Amino acid sequence: MNTHRKTAAFLVGLLLCFGNTAAPVMSGYAVNDDAASVSADGDILGTADDPDAGAEMQDASEEGGFLYEADSNGNAVIVGCTLEDKEITVPDTLGGMPVTELATDAFLGSHAEKIIIPAGIEYISTDNPFASCLNLLETEVSPDNANYCTKDGVLYNKDMTMLVHYPAANERESYTVPDSVTEIGVAGFAESRLKHITLPDSLTTIGRHSFSFCQFLEEIDMSGTSIEYVDVMSFINDISLTSVKFSDSTDGIGLAAFFGCSKLAEIELPPNVTYIRQSAFAGTALKQVEIPASIEEIGYCAFGYNENEEMDSDFVIIGTSGTVAEQYCKDSDTEYGYTNDFTFKSVEVAEAEEEYSKLDRHSFEDYEYALIDGEAYITFCVSMDDVITVPAEVDGHSVAGLYKGAFSTNEASEIILPDGLKTIGENMFSSKLKKLTIPGSCENIEGVEPFVDCAELEEINVTDGEGAYSSADGVLYDSDKKTLLVYPRGKTAKKFKAPAETEEINTSAFCGNAFLEEADLSHIKKIDDYAFETCGKLGSVRFSKELESVGYRAFFACPELKSVRLGEKLDFIGDYAFGFVYDQQLAMESQEDPYSVVEDYTIYAKKDSTAYKYAKACGINVVTNTVGVADVNVNRGFLYVIIGMIAAAVLAVIGVATGKSVKKKKASRPAAKKAAKPEKAEEAPEDSDEEADDEAEE
């Protein structure tokens, strides 16, 4: 989609000329991925790499039916052949010079059935001089040649790591490429009559046109290989090809790679493919394609066009919303005068539609249902009532579940589900639903964000039962309340305190709630992705010292939340979990991540902790050496001073109290006791001094 190089004229010219006349075909094999000039007749005039392509024979010498040129080392390079013989032997010398090289056009247009290559040939052009030899049954290489060899008439380099050329006229229907081969050269199998080709696990590279115009080839399995790039026109016009399996290693698919494969009706793209070039699948029988989220570039006409660049407006693209796959559906370019108009479906929707189409569906009153293993699953409801009570039985069949999206079009504010219900599907309810009652028998609610789109939902209640769910104050939990699953988006409470037994907040549990201002999560150990995303009024959150992980964007777009205190046990924080909001200005500037840090956002954490490192990495203000006192962050040093002052005051009070006690005890001593010990009378002054000191302290 980022690159739109117009090569349609070249492709059409190539299709018209290939197989009829040899000359334009061979020139086509030398064309690079990016640019080529094409004459009105479809002939290649030159490329960016070789503007003089097709003119190399004009200054050549001729001897014995061979055209040759001298290279800089005084060796002969064969650049053409005019012989009409069925068997051609390459000479050892021409013009008194040793023949060491076969150039790109050495056998252009030859009708030979066998070509014999002598020991002296050191280099055969990588653009494959034999590609246009459509009558070739075999090649033979002298066993003394140090650079090339043949096996069963197939040409290889000496160590058989590269298959140079498979003879086009050979009558075999099947061929297994040897395990030693890592590369198939340019046009290696072009025009072959093979129906089946087995590729080795060792294969990493296939050259341009490597399997092009193989009109009998029915399937190709690259899944066991390590092919990273399906090169330009690799399978162009393979009109019998119905099955293609890619390697997981494949990153790119080149220009017109499968152009004109008219029977190719189904394809599973490589899971990690990042670019698919122009016209890659034009002219195939594909009616839809699923494109992986990894895709970064889709070329002009890559999908949904025929051989004449005519768009199929019924073509369907399946992919991940917001990716290049979705953009391609409406892509346009004024320079080339085209506008795509394809249908886009998310992967989830496409899977649901396919699954739905296979159901055994029936009608009952306001409901459509499907029978699965003898039980009824509501698939659709047409009721327009404000309060809908779903029946426990339809046509004598117990209602066991609700199928995906069954109530997504209803405008009811309250839906009451029947006892005995086991399953609730994804994307089930419309945004207008305010109250939902789930039977205690329910065992499964599909999806990790089952009610995230129910913007008006105020409460979810679960009746008594032995199912997998429970509720408290309109909030949905699992059965033992270990996990908080859904806090309704429309719940108007300003404060929330998680139950003491709750340890986890589910994905998107509070997402989008516009009323919550304070959250007490004092016992929570794990907070999942998007848990509090876009809670616009949330300004205060109390976290547990036992908190271990906070997921991706957990508190993203919470502009009122200006600070958080995070403990030492927190060992994972997902990207954009704290302190970030969506930045419209950055988005307008086409930034990849249009997020900015909330102004004056502060994280209180211990130095070198996970939270500290997160703050530093994100450019968020971080304060260390503080403690939380009654929701106030206090500097430890200051706190120690205050504690010291309080301690001194307490000690002083204790001292005064002690002094009074001593004085009182002394004042109450019995006179008889003093009289009994007259020998201690000289200590009286000391007692007086002590009493004076007590009074002074008092």
# chains A, B, ... in the order shown; residues from 1 in each chain; ligands from 1

$ residues_around --residues "segment 569-585 of chain A" --least-positions-apart "5" --cutoff "9 Å" --atoms "only C-alpha atoms" --output "ChimeraX atom specification"
/A:525,529-530,533-534,545-559,561-564,590,593-599,601-603,609-611,614-615,618,620

$ write_last_selection --atoms "C-alpha atoms" --output "PDB file, in the first residue's frame"
ATOM      1  CA  LYS A 525      -2.517  -8.809  43.706  1.00  0.00           C
ATOM      2  CA  ASP A 529      -4.884  -5.261  30.751  1.00  0.00           C
ATOM      3  CA  TYR A 530      -7.174  -2.237  30.210  1.00  0.00           C
ATOM      4  CA  GLU A 533      -8.807   2.369  30.919  1.00  0.00           C
ATOM      5  CA  THR A 534     -10.736   5.603  30.157  1.00  0.00           C
ATOM      6  CA  LYS A 545       1.463  -3.759  49.239  1.00  0.00           C
ATOM      7  CA  GLU A 546       1.010  -7.297  47.837  1.00  0.00           C
ATOM      8  CA  LEU A 547       0.328  -6.054  44.288  1.00  0.00           C
ATOM      9  CA  GLU A 548       2.394  -8.150  41.856  1.00  0.00           C
ATOM     10  CA  SER A 549       1.439  -7.104  38.307  1.00  0.00           C
ATOM     11  CA  VAL A 550      -0.388  -4.363  36.396  1.00  0.00           C
ATOM     12  CA  GLY A 551      -1.291  -5.024  32.758  1.00  0.00           C
ATOM     13  CA  TYR A 552      -1.043  -3.115  29.499  1.00  0.00           C
ATOM     14  CA  ARG A 553      -2.864   0.254  29.579  1.00  0.00           C
ATOM     15  CA  ALA A 554      -4.483  -0.708  32.884  1.00  0.00           C
ATOM     16  CA  PHE A 555      -4.909   2.953  33.948  1.00  0.00           C
ATOM     17  CA  PHE A 556      -4.513   4.549  30.524  1.00  0.00           C
ATOM     18  CA  ALA A 557      -6.530   7.705  29.826  1.00  0.00           C
ATOM     19  CA  CYS A 558      -7.391   8.397  33.474  1.00  0.00           C
ATOM     20  CA  PRO A 559      -6.549  12.136  33.412  1.00  0.00           C
ATOM     21  CA  LEU A 561      -5.346  10.247  38.430  1.00  0.00           C
ATOM     22  CA  LYS A 562      -2.264  12.376  39.146  1.00  0.00           C
ATOM     23  CA  SER A 563      -0.253  10.074  41.413  1.00  0.00           C
ATOM     24  CA  VAL A 564       0.059   6.482  42.600  1.00  0.00           C
ATOM     25  CA  SER A 590       0.645  10.581  12.459  1.00  0.00           C
ATOM     26  CA  ASP A 593       2.059   5.924  19.491  1.00  0.00           C
ATOM     27  CA  PRO A 594       0.049   9.151  19.991  1.00  0.00           C
ATOM     28  CA  TYR A 595       0.240   9.033  23.784  1.00  0.00           C
ATOM     29  CA  SER A 596       1.579  11.650  26.174  1.00  0.00           C
ATOM     30  CA  VAL A 597       2.325  11.710  29.917  1.00  0.00           C
ATOM     31  CA  VAL A 598      -0.232  13.354  32.219  1.00  0.00           C
ATOM     32  CA  GLU A 599       1.099  16.711  33.388  1.00  0.00           C
ATOM     33  CA  TYR A 601       2.043  12.840  37.162  1.00  0.00           C
ATOM     34  CA  THR A 602       4.001  11.319  40.068  1.00  0.00           C
ATOM     35  CA  ILE A 603       4.820   7.766  41.053  1.00  0.00           C
ATOM     36  CA  SER A 609      12.014  -1.007  42.212  1.00  0.00           C
ATOM     37  CA  THR A 610       9.999  -2.043  39.140  1.00  0.00           C
ATOM     38  CA  ALA A 611       7.755   1.002  39.563  1.00  0.00           C
ATOM     39  CA  TYR A 614       8.971   2.184  34.834  1.00  0.00           C
ATOM     40  CA  ALA A 615       8.702   5.854  35.791  1.00  0.00           C
ATOM     41  CA  CYS A 618       8.568   6.707  30.631  1.00  0.00           C
ATOM     42  CA  ILE A 620       7.356  10.203  34.637  1.00  0.00           C
TER      43      ILE A 620
END

$ select_by_dssp --residues "segment 321-416 of chain A" --states "strand (DSSP E or B)" --output "PyMOL selection string"
chain A and resi 332-333+338-339+343-346+361-364+367-372+375-381+387-389+393-394+397-402+407+414-416

$ closest_residue --among "A:Cys454, A:Val273, A:Tyr604, A:Tyr229" --to "Lys616 of chain A" --atoms "only C-alpha atoms"
A:Tyr604

$ decode --residues "segment 542-562 of chain A" --atoms "N, CA, C and O atoms" --output "PDB file, in the first residue's frame"
ATOM      1  N   ARG A 542      -6.088   3.275  45.887  1.00  0.00           N
ATOM      2  CA  ARG A 542      -5.243   2.732  46.942  1.00  0.00           C
ATOM      3  C   ARG A 542      -4.858   1.305  46.557  1.00  0.00           C
ATOM      4  O   ARG A 542      -5.709   0.440  46.372  1.00  0.00           O
ATOM      5  N   PHE A 543      -3.542   1.083  46.418  1.00  0.00           N
ATOM      6  CA  PHE A 543      -3.054  -0.222  46.004  1.00  0.00           C
ATOM      7  C   PHE A 543      -2.568  -1.042  47.193  1.00  0.00           C
ATOM      8  O   PHE A 543      -2.138  -0.499  48.212  1.00  0.00           O
ATOM      9  N   SER A 544      -2.597  -2.346  47.001  1.00  0.00           N
ATOM     10  CA  SER A 544      -2.108  -3.260  48.025  1.00  0.00           C
ATOM     11  C   SER A 544      -0.575  -3.324  48.004  1.00  0.00           C
ATOM     12  O   SER A 544       0.049  -3.207  46.948  1.00  0.00           O
ATOM     13  N   LYS A 545       0.020  -3.530  49.174  1.00  0.00           N
ATOM     14  CA  LYS A 545       1.463  -3.759  49.239  1.00  0.00           C
ATOM     15  C   LYS A 545       1.822  -5.107  48.610  1.00  0.00           C
ATOM     16  O   LYS A 545       2.982  -5.353  48.297  1.00  0.00           O
ATOM     17  N   GLU A 546       0.796  -5.977  48.430  1.00  0.00           N
ATOM     18  CA  GLU A 546       1.010  -7.297  47.837  1.00  0.00           C
ATOM     19  C   GLU A 546       0.813  -7.291  46.320  1.00  0.00           C
ATOM     20  O   GLU A 546       0.896  -8.349  45.687  1.00  0.00           O
ATOM     21  N   LEU A 547       0.551  -6.138  45.731  1.00  0.00           N
ATOM     22  CA  LEU A 547       0.328  -6.054  44.288  1.00  0.00           C
ATOM     23  C   LEU A 547       1.552  -6.566  43.531  1.00  0.00           C
ATOM     24  O   LEU A 547       2.670  -6.130  43.778  1.00  0.00           O
ATOM     25  N   GLU A 548       1.296  -7.506  42.570  1.00  0.00           N
ATOM     26  CA  GLU A 548       2.394  -8.150  41.856  1.00  0.00           C
ATOM     27  C   GLU A 548       2.499  -7.734  40.395  1.00  0.00           C
ATOM     28  O   GLU A 548       3.592  -7.669  39.840  1.00  0.00           O
ATOM     29  N   SER A 549       1.372  -7.460  39.731  1.00  0.00           N
ATOM     30  CA  SER A 549       1.439  -7.104  38.307  1.00  0.00           C
ATOM     31  C   SER A 549       0.291  -6.182  37.916  1.00  0.00           C
ATOM     32  O   SER A 549      -0.809  -6.273  38.458  1.00  0.00           O
ATOM     33  N   VAL A 550       0.598  -5.290  36.956  1.00  0.00           N
ATOM     34  CA  VAL A 550      -0.388  -4.363  36.396  1.00  0.00           C
ATOM     35  C   VAL A 550      -0.261  -4.446  34.879  1.00  0.00           C
ATOM     36  O   VAL A 550       0.830  -4.238  34.335  1.00  0.00           O
ATOM     37  N   GLY A 551      -1.343  -4.746  34.184  1.00  0.00           N
ATOM     38  CA  GLY A 551      -1.291  -5.024  32.758  1.00  0.00           C
ATOM     39  C   GLY A 551      -1.219  -3.811  31.851  1.00  0.00           C
ATOM     40  O   GLY A 551      -1.248  -2.650  32.275  1.00  0.00           O
ATOM     41  N   TYR A 552      -1.142  -4.105  30.571  1.00  0.00           N
ATOM     42  CA  TYR A 552      -1.043  -3.115  29.499  1.00  0.00           C
ATOM     43  C   TYR A 552      -2.214  -2.129  29.554  1.00  0.00           C
ATOM     44  O   TYR A 552      -3.375  -2.513  29.616  1.00  0.00           O
ATOM     45  N   ARG A 553      -1.881  -0.837  29.598  1.00  0.00           N
ATOM     46  CA  ARG A 553      -2.864   0.254  29.579  1.00  0.00           C
ATOM     47  C   ARG A 553      -3.919   0.116  30.681  1.00  0.00           C
ATOM     48  O   ARG A 553      -5.064   0.543  30.516  1.00  0.00           O
ATOM     49  N   ALA A 554      -3.527  -0.453  31.796  1.00  0.00           N
ATOM     50  CA  ALA A 554      -4.483  -0.708  32.884  1.00  0.00           C
ATOM     51  C   ALA A 554      -5.133   0.574  33.386  1.00  0.00           C
ATOM     52  O   ALA A 554      -6.327   0.593  33.702  1.00  0.00           O
ATOM     53  N   PHE A 555      -4.368   1.669  33.493  1.00  0.00           N
ATOM     54  CA  PHE A 555      -4.909   2.953  33.948  1.00  0.00           C
ATOM     55  C   PHE A 555      -4.665   4.030  32.883  1.00  0.00           C
ATOM     56  O   PHE A 555      -4.466   5.188  33.196  1.00  0.00           O
ATOM     57  N   PHE A 556      -4.708   3.619  31.638  1.00  0.00           N
ATOM     58  CA  PHE A 556      -4.513   4.549  30.524  1.00  0.00           C
ATOM     59  C   PHE A 556      -5.730   5.472  30.396  1.00  0.00           C
ATOM     60  O   PHE A 556      -6.870   5.065  30.597  1.00  0.00           O
ATOM     61  N   ALA A 557      -5.467   6.718  30.048  1.00  0.00           N
ATOM     62  CA  ALA A 557      -6.530   7.705  29.826  1.00  0.00           C
ATOM     63  C   ALA A 557      -7.391   7.909  31.066  1.00  0.00           C
ATOM     64  O   ALA A 557      -8.620   7.964  30.989  1.00  0.00           O
ATOM     65  N   CYS A 558      -6.732   8.001  32.218  1.00  0.00           N
ATOM     66  CA  CYS A 558      -7.391   8.397  33.474  1.00  0.00           C
ATOM     67  C   CYS A 558      -6.788   9.742  33.878  1.00  0.00           C
ATOM     68  O   CYS A 558      -5.899   9.808  34.736  1.00  0.00           O
ATOM     69  N   PRO A 559      -7.215  10.838  33.252  1.00  0.00           N
ATOM     70  CA  PRO A 559      -6.549  12.136  33.412  1.00  0.00           C
ATOM     71  C   PRO A 559      -6.607  12.717  34.817  1.00  0.00           C
ATOM     72  O   PRO A 559      -5.776  13.555  35.173  1.00  0.00           O
ATOM     73  N   GLU A 560      -7.597  12.301  35.614  1.00  0.00           N
ATOM     74  CA  GLU A 560      -7.719  12.836  36.974  1.00  0.00           C
ATOM     75  C   GLU A 560      -6.800  12.125  37.964  1.00  0.00           C
ATOM     76  O   GLU A 560      -6.598  12.601  39.079  1.00  0.00           O
ATOM     77  N   LEU A 561      -6.258  10.993  37.557  1.00  0.00           N
ATOM     78  CA  LEU A 561      -5.346  10.247  38.430  1.00  0.00           C
ATOM     79  C   LEU A 561      -3.947  10.840  38.260  1.00  0.00           C
ATOM     80  O   LEU A 561      -3.274  10.604  37.260  1.00  0.00           O
ATOM     81  N   LYS A 562      -3.511  11.623  39.258  1.00  0.00           N
ATOM     82  CA  LYS A 562      -2.264  12.376  39.146  1.00  0.00           C
ATOM     83  C   LYS A 562      -1.075  11.693  39.822  1.00  0.00           C
ATOM     84  O   LYS A 562       0.073  12.058  39.574  1.00  0.00           O
TER      85      LYS A 562
END
